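target20.tsv, holding TSV, C-alpha atoms and all ligand atoms:
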```tsv
chain	number	residue	atom	x	y	z
A	22	MET	CA	-65.48	-71.26	0.84
A	23	GLU	CA	-65.35	-74.82	2.03
A	24	GLN	CA	-61.83	-76.24	2.22
A	25	PRO	CA	-60.91	-78.30	-0.84
A	26	ILE	CA	-59.90	-81.95	-0.65
A	27	LEU	CA	-56.34	-82.29	-1.93
A	28	TYR	CA	-54.87	-85.45	-3.45
A	29	ILE	CA	-51.12	-85.54	-3.99
A	30	VAL	CA	-50.64	-87.94	-6.91
A	31	ILE	CA	-47.26	-89.66	-7.11
A	32	PRO	CA	-46.18	-92.13	-9.80
A	33	CYS	CA	-43.60	-94.63	-8.51
A	34	TYR	CA	-41.51	-97.07	-10.48
A	35	ASN	CA	-38.90	-99.12	-8.61
A	36	GLU	CA	-38.62	-96.57	-5.86
A	37	GLU	CA	-38.10	-98.78	-2.79
A	38	LYS	CA	-35.00	-96.78	-1.85
A	39	VAL	CA	-36.56	-93.33	-1.86
A	40	LEU	CA	-40.20	-93.98	-0.97
A	41	PRO	CA	-39.64	-94.57	2.77
A	42	ILE	CA	-37.81	-91.22	2.90
A	43	THR	CA	-40.22	-89.10	0.91
A	44	ALA	CA	-43.59	-90.61	1.89
A	45	PRO	CA	-43.54	-89.04	5.38
A	46	MET	CA	-42.62	-85.69	3.80
A	47	PHE	CA	-45.79	-85.73	1.71
A	48	LYS	CA	-47.83	-86.72	4.74
A	49	GLU	CA	-46.37	-83.90	6.81
A	50	LYS	CA	-47.11	-81.45	4.03
A	51	ILE	CA	-50.76	-82.48	3.99
A	52	GLU	CA	-50.98	-82.25	7.76
A	53	ALA	CA	-49.38	-78.79	7.72
A	54	LEU	CA	-51.82	-77.58	5.06
A	55	GLN	CA	-54.68	-79.01	7.10
A	56	SER	CA	-53.65	-77.28	10.28
A	57	ALA	CA	-53.24	-74.05	8.33
A	58	GLY	CA	-56.92	-74.49	7.48
A	59	LYS	CA	-56.30	-74.56	3.74
A	60	ILE	CA	-57.36	-78.09	2.84
A	61	ALA	CA	-59.95	-80.56	4.05
A	62	ALA	CA	-59.41	-83.42	6.47
A	63	GLU	CA	-60.14	-85.99	3.72
A	64	SER	CA	-56.97	-85.01	1.81
A	65	ARG	CA	-54.72	-87.91	0.83
A	66	VAL	CA	-51.42	-88.99	-0.67
A	67	LEU	CA	-52.19	-91.26	-3.66
A	68	PHE	CA	-49.33	-93.41	-4.90
A	69	VAL	CA	-49.46	-95.03	-8.32
A	70	ASN	CA	-47.30	-98.11	-8.55
A	71	ASP	CA	-46.26	-98.30	-12.19
A	72	GLY	CA	-45.61	-102.04	-12.35
A	73	SER	CA	-42.51	-101.89	-10.17
A	74	LYS	CA	-40.25	-104.93	-10.05
A	75	ASP	CA	-38.99	-104.26	-6.54
A	76	SER	CA	-40.91	-103.93	-3.26
A	77	THR	CA	-42.44	-100.52	-4.04
A	78	TRP	CA	-46.02	-101.83	-3.97
A	79	GLU	CA	-45.45	-103.69	-0.68
A	80	ILE	CA	-44.14	-100.45	0.80
A	81	ILE	CA	-47.20	-98.54	-0.43
A	82	GLN	CA	-49.52	-101.18	1.01
A	83	ALA	CA	-47.72	-101.08	4.35
A	84	LEU	CA	-47.91	-97.29	4.42
A	85	SER	CA	-51.63	-97.29	3.73
A	86	SER	CA	-52.39	-99.80	6.44
A	87	GLU	CA	-50.32	-97.74	8.87
A	88	ASN	CA	-51.98	-94.44	8.15
A	89	ALA	CA	-55.21	-93.60	6.35
A	90	ILE	CA	-53.62	-90.58	4.73
A	91	TYR	CA	-51.77	-92.89	2.31
A	92	GLU	CA	-53.62	-94.60	-0.50
A	93	GLY	CA	-52.34	-96.48	-3.51
A	94	ILE	CA	-53.28	-97.98	-6.84
A	95	SER	CA	-51.19	-100.44	-8.74
A	96	LEU	CA	-51.07	-100.72	-12.52
A	97	SER	CA	-51.15	-104.18	-14.05
A	98	ARG	CA	-47.72	-103.55	-15.61
A	99	ASN	CA	-45.20	-100.80	-16.28
A	100	ARG	CA	-46.76	-98.17	-18.55
A	101	GLY	CA	-44.31	-95.30	-18.16
A	102	HIS	CA	-44.41	-92.11	-16.15
A	103	GLN	CA	-47.02	-90.22	-18.22
A	104	ASN	CA	-49.56	-93.05	-18.21
A	105	ALA	CA	-49.00	-93.79	-14.54
A	106	LEU	CA	-49.56	-90.17	-13.67
A	107	LEU	CA	-52.68	-90.04	-15.81
A	108	ALA	CA	-54.03	-93.14	-14.07
A	109	GLY	CA	-53.58	-91.46	-10.70
A	110	LEU	CA	-55.16	-88.20	-11.83
A	111	MET	CA	-58.17	-89.90	-13.39
A	112	GLU	CA	-58.64	-91.93	-10.22
A	113	ALA	CA	-58.27	-88.89	-8.00
A	114	LYS	CA	-60.63	-86.62	-9.92
A	115	GLU	CA	-63.62	-88.50	-8.54
A	116	LEU	CA	-62.40	-88.31	-4.97
A	117	CYS	CA	-61.11	-84.79	-4.52
A	118	ASP	CA	-61.29	-81.13	-5.53
A	119	ILE	CA	-57.64	-80.56	-6.36
A	120	THR	CA	-54.68	-82.75	-7.30
A	121	ILE	CA	-51.01	-81.97	-7.14
A	122	SER	CA	-48.80	-84.27	-9.19
A	123	ILE	CA	-45.18	-84.70	-8.18
A	124	ASP	CA	-42.38	-87.25	-8.55
A	125	CYS	CA	-41.59	-89.40	-5.56
A	126	ASP	CA	-37.84	-88.78	-5.54
A	127	GLY	CA	-37.87	-85.49	-3.63
A	128	GLN	CA	-36.33	-83.52	-6.51
A	129	ASP	CA	-39.18	-81.06	-6.64
A	130	ASP	CA	-39.52	-78.80	-3.63
A	131	ILE	CA	-42.72	-79.82	-1.82
A	132	ASN	CA	-42.87	-76.45	-0.08
A	133	ALA	CA	-44.10	-74.95	-3.34
A	134	MET	CA	-47.40	-76.74	-2.62
A	135	ASP	CA	-48.42	-74.07	-0.12
A	136	GLN	CA	-48.28	-71.44	-2.80
A	137	MET	CA	-50.00	-73.71	-5.30
A	138	VAL	CA	-52.93	-74.19	-2.94
A	139	ASP	CA	-53.02	-70.43	-2.30
A	140	GLU	CA	-53.21	-69.78	-6.03
A	141	TYR	CA	-56.07	-72.26	-6.28
A	142	LEU	CA	-57.88	-70.55	-3.44
A	143	ASN	CA	-57.37	-67.31	-5.38
A	144	GLY	CA	-59.17	-68.78	-8.36
A	145	ALA	CA	-56.58	-70.58	-10.51
A	146	GLU	CA	-57.65	-74.00	-11.81
A	147	ILE	CA	-54.15	-75.05	-12.98
A	148	VAL	CA	-50.94	-74.03	-11.23
A	149	TYR	CA	-47.72	-74.96	-13.02
A	150	GLY	CA	-44.62	-75.62	-10.93
A	151	VAL	CA	-41.70	-74.00	-12.72
A	152	ARG	CA	-38.03	-74.57	-11.89
A	153	ASN	CA	-36.20	-71.30	-11.46
A	154	LYS	CA	-32.77	-72.90	-11.23
A	155	ARG	CA	-31.36	-76.07	-12.69
A	156	ASP	CA	-28.02	-76.09	-10.87
A	157	THR	CA	-28.29	-79.74	-9.91
A	158	ASP	CA	-28.80	-80.91	-13.48
A	159	THR	CA	-25.74	-81.44	-15.65
A	160	PHE	CA	-24.92	-78.73	-18.15
A	161	PHE	CA	-25.89	-81.14	-20.90
A	162	LYS	CA	-29.35	-81.88	-19.48
A	163	ARG	CA	-29.98	-78.20	-18.81
A	164	PHE	CA	-28.92	-77.17	-22.28
A	165	THR	CA	-30.85	-79.87	-24.15
A	166	ALA	CA	-33.96	-79.33	-22.03
A	167	GLN	CA	-34.00	-75.58	-22.60
A	168	SER	CA	-33.36	-75.80	-26.34
A	169	TYR	CA	-36.16	-78.33	-26.47
A	170	TYR	CA	-38.71	-76.05	-24.81
A	171	LYS	CA	-37.79	-73.32	-27.26
A	172	LEU	CA	-38.09	-75.67	-30.24
A	173	LEU	CA	-41.49	-76.93	-29.07
A	174	ASN	CA	-42.85	-73.45	-28.70
A	175	LYS	CA	-41.57	-72.50	-32.15
A	176	MET	CA	-43.52	-75.44	-33.52
A	177	GLY	CA	-46.69	-74.16	-31.95
A	178	GLY	CA	-46.84	-76.49	-28.95
A	179	GLU	CA	-48.01	-74.37	-26.05
A	180	ILE	CA	-45.70	-75.39	-23.28
A	181	ILE	CA	-44.58	-73.71	-20.09
A	182	TYR	CA	-40.87	-73.06	-20.01
A	183	ASN	CA	-39.07	-75.20	-17.39
A	184	HIS	CA	-42.24	-76.86	-16.21
A	185	ALA	CA	-42.25	-80.64	-15.92
A	186	ASP	CA	-45.03	-82.58	-14.25
A	187	TYR	CA	-45.19	-80.83	-10.90
A	188	ARG	CA	-48.51	-79.01	-10.99
A	189	LEU	CA	-51.83	-78.44	-9.30
A	190	VAL	CA	-54.89	-79.30	-11.36
A	191	SER	CA	-58.47	-78.97	-10.15
A	192	SER	CA	-60.86	-81.88	-10.59
A	193	ARG	CA	-63.00	-79.63	-12.77
A	194	VAL	CA	-60.13	-79.38	-15.27
A	195	LEU	CA	-59.43	-83.11	-14.96
A	196	LYS	CA	-63.03	-83.94	-15.80
A	197	GLU	CA	-62.71	-81.92	-19.02
A	198	PHE	CA	-59.30	-83.42	-19.65
A	199	ALA	CA	-60.82	-86.90	-19.52
A	200	ASN	CA	-62.40	-86.10	-22.91
A	201	PHE	CA	-58.98	-85.91	-24.52
A	202	GLU	CA	-58.99	-89.44	-25.79
A	203	GLU	CA	-55.62	-89.75	-27.50
A	204	VAL	CA	-53.33	-92.56	-26.41
A	205	ASN	CA	-50.08	-90.69	-27.12
A	206	ILE	CA	-50.01	-88.39	-24.18
A	207	PHE	CA	-47.67	-85.57	-23.23
A	208	LEU	CA	-49.38	-84.12	-20.20
A	209	ARG	CA	-47.41	-80.91	-19.77
A	210	GLY	CA	-48.28	-79.88	-23.31
A	211	MET	CA	-51.91	-80.95	-23.09
A	212	PHE	CA	-53.09	-79.20	-19.95
A	213	PRO	CA	-52.66	-75.73	-21.48
A	214	MET	CA	-55.12	-76.84	-24.19
A	215	VAL	CA	-57.86	-77.43	-21.63
A	216	GLY	CA	-57.85	-73.76	-20.79
A	217	PHE	CA	-59.28	-72.23	-17.59
A	218	LYS	CA	-57.42	-69.82	-15.38
A	219	SER	CA	-53.82	-70.85	-14.79
A	220	THR	CA	-50.70	-69.47	-13.20
A	221	CYS	CA	-47.13	-70.45	-12.29
A	222	VAL	CA	-45.31	-71.01	-9.03
A	223	TYR	CA	-41.50	-71.03	-8.94
A	224	TYR	CA	-39.33	-73.48	-7.03
A	225	GLU	CA	-35.83	-74.91	-6.90
A	226	ARG	CA	-35.10	-78.37	-8.15
A	227	HIS	CA	-32.86	-80.58	-6.01
A	228	GLU	CA	-30.91	-83.79	-6.42
A	229	ARG	CA	-32.76	-87.08	-6.18
A	230	LEU	CA	-32.81	-88.12	-2.48
A	231	ALA	CA	-32.03	-91.78	-3.26
A	232	GLY	CA	-32.21	-94.34	-6.04
A	233	GLU	CA	-31.55	-93.63	-9.70
A	234	SER	CA	-33.19	-91.74	-12.54
A	235	HIS	CA	-35.40	-93.79	-14.86
A	236	TYR	CA	-34.86	-91.40	-17.70
A	237	PRO	CA	-31.75	-92.45	-19.58
A	238	MET	CA	-30.88	-90.71	-22.84
A	239	THR	CA	-33.06	-93.01	-24.95
A	240	LYS	CA	-36.21	-92.46	-22.87
A	241	MET	CA	-35.58	-88.73	-22.74
A	242	LEU	CA	-35.31	-88.60	-26.53
A	243	ALA	CA	-38.47	-90.67	-26.89
A	244	LEU	CA	-40.39	-88.31	-24.59
A	245	ALA	CA	-38.99	-85.31	-26.44
A	246	PHE	CA	-40.07	-86.69	-29.79
A	247	ASP	CA	-43.50	-87.68	-28.47
A	248	GLY	CA	-43.90	-84.15	-27.23
A	249	ILE	CA	-43.30	-82.70	-30.67
A	250	THR	CA	-45.39	-85.18	-32.61
A	251	SER	CA	-48.31	-85.04	-30.20
A	252	LEU	CA	-48.46	-81.23	-30.23
A	253	SER	CA	-47.47	-80.22	-33.74
A	254	ILE	CA	-47.48	-81.25	-37.39
A	255	LYS	CA	-44.88	-78.64	-38.30
A	256	PRO	CA	-42.16	-81.23	-39.04
A	257	ILE	CA	-44.28	-82.59	-41.90
A	258	ARG	CA	-44.81	-79.08	-43.26
A	259	PHE	CA	-41.10	-78.48	-43.00
A	260	ILE	CA	-40.43	-81.55	-45.10
A	261	THR	CA	-42.85	-80.34	-47.76
A	262	GLY	CA	-41.06	-77.00	-47.81
A	263	MET	CA	-37.72	-78.72	-48.11
A	264	GLY	CA	-39.07	-80.84	-50.96
A	265	VAL	CA	-40.13	-77.73	-52.87
A	266	PHE	CA	-36.75	-76.12	-52.26
A	267	PHE	CA	-34.81	-79.10	-53.58
A	268	ALA	CA	-37.15	-79.55	-56.53
A	269	LEU	CA	-36.42	-75.97	-57.58
A	270	LEU	CA	-32.73	-76.45	-56.99
A	271	SER	CA	-32.73	-79.56	-59.15
A	272	LEU	CA	-34.24	-77.58	-62.04
A	273	VAL	CA	-31.13	-75.42	-61.96
A	274	PHE	CA	-29.00	-78.55	-61.94
A	275	ILE	CA	-30.87	-80.03	-64.89
A	276	VAL	CA	-30.11	-76.94	-66.95
A	277	TYR	CA	-26.49	-77.12	-65.87
A	278	ALA	CA	-26.27	-80.85	-66.64
A	279	LEU	CA	-27.80	-80.45	-70.10
A	280	ALA	CA	-25.51	-77.55	-70.88
A	281	SER	CA	-22.48	-79.60	-69.83
A	282	PHE	CA	-23.68	-82.52	-71.96
A	283	PHE	CA	-24.05	-80.47	-75.10
A	284	THR	CA	-20.70	-78.79	-74.65
A	285	GLY	CA	-19.13	-82.27	-74.30
A	286	ASN	CA	-18.04	-81.67	-70.71
A	287	THR	CA	-19.64	-84.69	-69.04
A	288	VAL	CA	-16.86	-86.74	-67.45
A	289	PRO	CA	-15.78	-84.53	-64.53
A	290	GLY	CA	-19.33	-84.58	-63.08
A	291	TRP	CA	-18.63	-87.50	-60.79
A	292	SER	CA	-18.18	-85.66	-57.46
A	293	SER	CA	-21.12	-83.32	-57.87
A	294	ASN	CA	-23.29	-86.29	-58.76
A	295	LEU	CA	-22.22	-88.24	-55.75
A	296	ILE	CA	-22.80	-85.33	-53.42
A	297	ILE	CA	-26.27	-84.73	-54.73
A	298	VAL	CA	-27.24	-88.39	-54.58
A	299	CYS	CA	-26.06	-88.66	-50.98
A	300	LEU	CA	-27.71	-85.42	-49.92
A	301	ILE	CA	-31.06	-86.12	-51.49
A	302	GLY	CA	-30.97	-89.74	-50.36
A	303	GLY	CA	-30.35	-88.66	-46.78
A	304	ILE	CA	-33.07	-86.08	-46.84
A	305	GLN	CA	-35.54	-88.53	-48.29
A	306	LEU	CA	-34.81	-91.11	-45.64
A	307	ILE	CA	-35.19	-88.61	-42.81
A	308	SER	CA	-38.43	-87.34	-44.34
A	309	LEU	CA	-39.81	-90.84	-44.63
A	310	GLY	CA	-38.84	-91.44	-41.03
A	311	VAL	CA	-40.64	-88.35	-39.78
A	312	ILE	CA	-43.76	-89.09	-41.78
A	313	GLY	CA	-43.57	-92.71	-40.66
A	314	GLU	CA	-43.46	-91.53	-37.07
A	315	TYR	CA	-46.77	-89.76	-37.50
A	316	ILE	CA	-48.31	-92.72	-39.30
A	317	GLY	CA	-47.16	-94.90	-36.41
A	318	LYS	CA	-48.98	-92.57	-34.04
A	319	ILE	CA	-52.12	-92.73	-36.14
A	320	TYR	CA	-51.85	-96.52	-36.04
A	321	LEU	CA	-51.63	-96.50	-32.25
A	322	GLU	CA	-54.50	-94.04	-31.95
A	323	THR	CA	-56.85	-96.05	-34.14
A	324	LYS	CA	-56.47	-99.09	-31.91
A	325	HIS	CA	-57.95	-97.22	-28.95
A	326	ARG	CA	-56.20	-99.43	-26.47
A	327	PRO	CA	-56.56	-98.55	-22.80
A	328	LYS	CA	-53.68	-96.40	-21.58
A	329	TYR	CA	-53.41	-98.30	-18.33
A	330	ILE	CA	-55.12	-101.02	-16.37
A	331	ILE	CA	-55.49	-100.73	-12.62
A	332	GLY	CA	-54.77	-104.08	-11.00
A	333	GLU	CA	-55.07	-103.34	-7.32
A	334	ARG	CA	-56.07	-100.61	-4.90
A	335	THR	CA	-55.42	-100.12	-1.21
A	336	TYR	CA	-59.09	-99.14	-0.79
A	337	GLU	CA	-62.55	-100.23	-1.92
A	338	VAL	CA	-63.45	-99.15	-5.45
A	339	ASN	CA	-66.79	-97.43	-5.04
A	340	GLN	CA	-65.50	-95.02	-2.49
A	341	THR	CA	-66.67	-91.61	-3.61
A	342	LYS	CA	-66.48	-88.21	-2.02
A	343	GLU	CA	-68.50	-88.11	1.23
A	401	LIG	N1	-41.69	-93.30	-13.14
A	401	LIG	C1	-42.82	-94.08	-13.43
A	401	LIG	N2	-42.75	-95.00	-14.44
A	401	LIG	C2	-41.62	-95.18	-15.21
A	401	LIG	C3	-40.50	-94.35	-14.92
A	401	LIG	C4	-40.56	-93.44	-13.89
A	401	LIG	O1	-43.85	-93.96	-12.78
A	401	LIG	O2	-41.63	-96.02	-16.10
A	401	LIG	C5	-41.77	-92.30	-12.06
A	401	LIG	C6	-40.62	-92.35	-11.05
A	401	LIG	O3	-40.88	-93.27	-10.01
A	401	LIG	C7	-40.57	-90.92	-10.56
A	401	LIG	C8	-41.01	-90.12	-11.76
A	401	LIG	O4	-41.67	-91.03	-12.64
A	401	LIG	O5	-41.48	-90.68	-9.49
A	401	LIG	C9	-39.84	-89.45	-12.47
A	401	LIG	O6	-38.83	-90.37	-12.77
A	401	LIG	P1	-37.30	-90.08	-12.52
A	401	LIG	O7	-37.09	-89.37	-11.22
A	401	LIG	O8	-36.58	-91.37	-12.68
A	401	LIG	O9	-36.96	-89.11	-13.73
A	401	LIG	P2	-36.06	-87.77	-13.73
A	401	LIG	O10	-36.52	-86.94	-12.57
A	401	LIG	O11	-34.66	-88.21	-13.59
A	401	LIG	O12	-36.37	-87.12	-15.06
A	402	MG	MG	-36.50	-87.50	-10.71
```

So that I can check it, write out the structure of this file as structure tokens.
Amino acid sequence: MEQPILYIVIPCYNEEKVLPITAPMFKEKIEALQSAGKIAAESRVLFVNDGSKDSTWEIIQALSSENAIYEGISLSRNRGHQNALLAGLMEAKELCDITISIDCDGQDDINAMDQMVDEYLNGAEIVYGVRNKRDTDTFFKRFTAQSYYKLLNKMGGEIIYNHADYRLVSSRVLKEFANFEEVNIFLRGMFPMVGFKSTCVYYERHERLAGESHYPMTKMLALAFDGITSLSIKPIRFITGMGVFFALLSLVFIVYALASFFTGNTVPGWSSNLIIVCLIGGIQLISLGVIGEYIGKIYLETKHRPKYIIGERTYEVNQTKE
């Protein structure tokens, strides 16, 4: 078999502190894989600048003029990690045979790439990088993340436990994936839907090498909620079930209320009334919120807006394989 061309796709947002440290690591990994005879000489590191406000793009440009192994595209503005990654993958699928997506902060062990490429050479089209330890994460992050994976799977979202966005995907899979036209994307939950042969590779997750996380609580919650609503409609079903349950319960209360009325016992009903009003009111508001969330998604989907716009590249556009 001819050696595959590998593109390592790396989304970067305000990463001027860590990029100069990690970029050479990716380059060395490609060179090592090349000298091991596993990947082709045309393999590249493809950075995606996600509308950074610092000098990230200047660093990427400098890297690519220094060494042909580095290439970069720059989005017209910040679009978030998932969209930036998608932009890179869609760009790369025309240029290579396999992509490996990874964050640029050095948290994910790049040595797992060897095994990923081996799995590809053994026939897998998707190789999921799975963290086997989360020692460096806080207890809180570990706990919330793991409960979340369990919840998602219960709701029918097919998602790999402890897998984030470190994975190998062949360009064949990416070309099929390009037909998934939704604008609300949650990549780790969508790739399993494409199918094809897949497998997992285990690695340890480290601390960020420099700079700071871009995923504060609010963004994490938003991603978590997007994950659920883009993979499952179970929350809406749950609300319907809850509605039926409370409707039945209220029948019992109506009988009780009428009985109390006719026996002349109506005054002491104040607390039970209040409790019920509050409870039902709360449930109704939450239900409206959840349904509204889905309607909001439908609204965004119907607009069919582009998920990203590429503003600049470090190379000429019509460059295709060979
Ligand atoms: N990132 C991005 N756009 C954003 C936020 C983050 O492209 O709007 C990139 C970031 O540069 C990094 C990756 O996504 O390569 C993961 O982000 P981060 O390390 O901050 O998240 P964490 O690992 O803490 O979840
Ligand atoms: Mg990180």

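Separating atom CA of Lys240 of chain A from atom O4 of ligand LIG 401 (chain A) is a distance of 11.7 Å.
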
(request) Around ligand LIG 401 (chain A), at most 6 Å away and counting only C-alpha atoms and all ligand atoms, which residues are there? Put them as a PyMOL selection string, please. (result) chain A and resi 32-34+36+71+99+101-102+105+124-126+234-236

Counting all atoms listed in the file, write as a list in words all protein and nucleic acid residues lying at most 8 Å from (-41.1, -81.4, -11.1) in the file's frame.
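Applying the cut-off with all atoms listed in the file, one gets Ile123, Asp124, Gln128, Asp129, Gly150, Val151, Arg152, His184, Ala185, Asp186, Tyr187, Arg188 and Arg226 of chain A.
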
- From the set A:His227, A:His325, A:Arg65, A:Arg334, which residue has the shortest atom-to-atom contact distance to ligand MG 402 (chain A), counting all atoms listed in the file?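 Of A:His227, A:His325, A:Arg65, A:Arg334, the one nearest ligand MG 402 (chain A) is A:His227, counting all atoms listed in the file.
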
Non-local contacts of Ile121 of chain A (12 Å; all atoms listed in the file; under 4 positions in same chain excluded) as a PyMOL selection string = chain A and resi 26-32+47+50-51+64-68+106-107+109-110+113-114+117+129+131+133-138+141+146-150+186-192+195

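Between atom CA of Gly210 of chain A and atom CA of Ile307 of chain A there is a distance of 25.1 Å.
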
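Closest to ligand MG 402 (chain A) among A:Met46, A:Leu54, A:Ala231, A:Ala145 is A:Ala231, based on only C-alpha atoms and all ligand atoms.
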
| request: Step by step: start from the point (-44.0, -84.1, -30.9) in the file's coordinates, keep every protein, DNA or RNA residue that has an atom no farther than 12 Å from it, count only C-alpha atoms, and write the set as a ChimeraX atom specification. | output: /A:169-170,172-180,205-208,210-211,242-257,311-312,314-315,318

Legend entry - A:Gln24, A:Asn70, A:Val39, A:Ser86 ranked by distance to Ser56 of chain A, top pick (using only C-alpha atoms):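 Looking only at the distances to Ser56 of chain A, the closest residue turns out to be A:Gln24.
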
| task | Work out how far atom CA of Glu233 of chain A is from atom CA of Glu37 of chain A, in Å to one decimal. | result |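 Result for atom CA of Glu37 of chain A versus atom CA of Glu233 of chain A: 10.8 Å, one decimal.
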
- Task: Go through A:Lys59, A:Arg229, A:Arg258, A:Lys324 and flag the residue nearest ligand MG 402 (chain A), using all atoms listed in the file for the distances.
- Result: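 Distance minimum relative to ligand MG 402 (chain A) lands on A:Arg229.
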
* Residue nearest ligand MG 402 (chain A) - candidates A:Leu230, A:Leu309, A:Ile296, A:Leu272, atoms counted: only C-alpha atoms and all ligand atoms ->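 Nearest to ligand MG 402 (chain A): A:Leu230.
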
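With all atoms listed in the file as the atoms that count, the minimum distance from ligand MG 402 (chain A) to the choices A:Met263, A:Gln305, A:Gly232, A:Thr239 is reached by A:Gly232.
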
For the structure just given, write the atoms of segment 265-282 of chain A, namely N, CA and C atoms, as a PDB file, in the first residue's frame.
```pdb
ATOM      1  N   VAL A 265     -48.006  14.308  31.234  1.00  0.00           N
ATOM      2  CA  VAL A 265     -49.025  13.280  31.453  1.00  0.00           C
ATOM      3  C   VAL A 265     -49.096  12.932  32.940  1.00  0.00           C
ATOM      4  N   PHE A 266     -47.928  12.785  33.532  1.00  0.00           N
ATOM      5  CA  PHE A 266     -47.876  12.425  34.963  1.00  0.00           C
ATOM      6  C   PHE A 266     -48.584  13.482  35.820  1.00  0.00           C
ATOM      7  N   PHE A 267     -48.277  14.751  35.555  1.00  0.00           N
ATOM      8  CA  PHE A 267     -48.886  15.793  36.390  1.00  0.00           C
ATOM      9  C   PHE A 267     -50.364  15.985  36.072  1.00  0.00           C
ATOM     10  N   ALA A 268     -50.757  15.715  34.842  1.00  0.00           N
ATOM     11  CA  ALA A 268     -52.179  15.802  34.505  1.00  0.00           C
ATOM     12  C   ALA A 268     -52.955  14.758  35.306  1.00  0.00           C
ATOM     13  N   LEU A 269     -52.407  13.558  35.383  1.00  0.00           N
ATOM     14  CA  LEU A 269     -53.068  12.492  36.151  1.00  0.00           C
ATOM     15  C   LEU A 269     -53.115  12.856  37.630  1.00  0.00           C
ATOM     16  N   LEU A 270     -51.975  13.374  38.108  1.00  0.00           N
ATOM     17  CA  LEU A 270     -51.900  13.754  39.509  1.00  0.00           C
ATOM     18  C   LEU A 270     -52.937  14.825  39.839  1.00  0.00           C
ATOM     19  N   SER A 271     -53.124  15.756  38.882  1.00  0.00           N
ATOM     20  CA  SER A 271     -54.058  16.843  39.165  1.00  0.00           C
ATOM     21  C   SER A 271     -55.504  16.342  39.224  1.00  0.00           C
ATOM     22  N   LEU A 272     -55.796  15.254  38.506  1.00  0.00           N
ATOM     23  CA  LEU A 272     -57.133  14.659  38.599  1.00  0.00           C
ATOM     24  C   LEU A 272     -57.415  14.262  40.044  1.00  0.00           C
ATOM     25  N   VAL A 273     -56.415  13.641  40.668  1.00  0.00           N
ATOM     26  CA  VAL A 273     -56.542  13.226  42.061  1.00  0.00           C
ATOM     27  C   VAL A 273     -56.808  14.458  42.928  1.00  0.00           C
ATOM     28  N   PHE A 274     -56.042  15.538  42.618  1.00  0.00           N
ATOM     29  CA  PHE A 274     -56.206  16.748  43.419  1.00  0.00           C
ATOM     30  C   PHE A 274     -57.580  17.385  43.229  1.00  0.00           C
ATOM     31  N   ILE A 275     -58.108  17.282  42.020  1.00  0.00           N
ATOM     32  CA  ILE A 275     -59.430  17.860  41.764  1.00  0.00           C
ATOM     33  C   ILE A 275     -60.483  17.150  42.630  1.00  0.00           C
ATOM     34  N   VAL A 276     -60.390  15.848  42.667  1.00  0.00           N
ATOM     35  CA  VAL A 276     -61.317  15.065  43.496  1.00  0.00           C
ATOM     36  C   VAL A 276     -61.187  15.495  44.952  1.00  0.00           C
ATOM     37  N   TYR A 277     -59.945  15.615  45.384  1.00  0.00           N
ATOM     38  CA  TYR A 277     -59.677  16.004  46.773  1.00  0.00           C
ATOM     39  C   TYR A 277     -60.227  17.402  47.064  1.00  0.00           C
ATOM     40  N   ALA A 278     -59.994  18.334  46.088  1.00  0.00           N
ATOM     41  CA  ALA A 278     -60.429  19.709  46.282  1.00  0.00           C
ATOM     42  C   ALA A 278     -61.957  19.792  46.344  1.00  0.00           C
ATOM     43  N   LEU A 279     -62.623  19.065  45.456  1.00  0.00           N
ATOM     44  CA  LEU A 279     -64.086  19.076  45.442  1.00  0.00           C
ATOM     45  C   LEU A 279     -64.631  18.486  46.743  1.00  0.00           C
ATOM     46  N   ALA A 280     -64.029  17.414  47.182  1.00  0.00           N
ATOM     47  CA  ALA A 280     -64.466  16.766  48.410  1.00  0.00           C
ATOM     48  C   ALA A 280     -64.322  17.735  49.575  1.00  0.00           C
ATOM     49  N   SER A 281     -63.182  18.437  49.625  1.00  0.00           N
ATOM     50  CA  SER A 281     -62.963  19.399  50.710  1.00  0.00           C
ATOM     51  C   SER A 281     -63.994  20.521  50.647  1.00  0.00           C
ATOM     52  N   PHE A 282     -64.322  20.955  49.424  1.00  0.00           N
ATOM     53  CA  PHE A 282     -65.283  22.044  49.248  1.00  0.00           C
ATOM     54  C   PHE A 282     -66.652  21.652  49.807  1.00  0.00           C
TER      55      PHE A 282
END
```
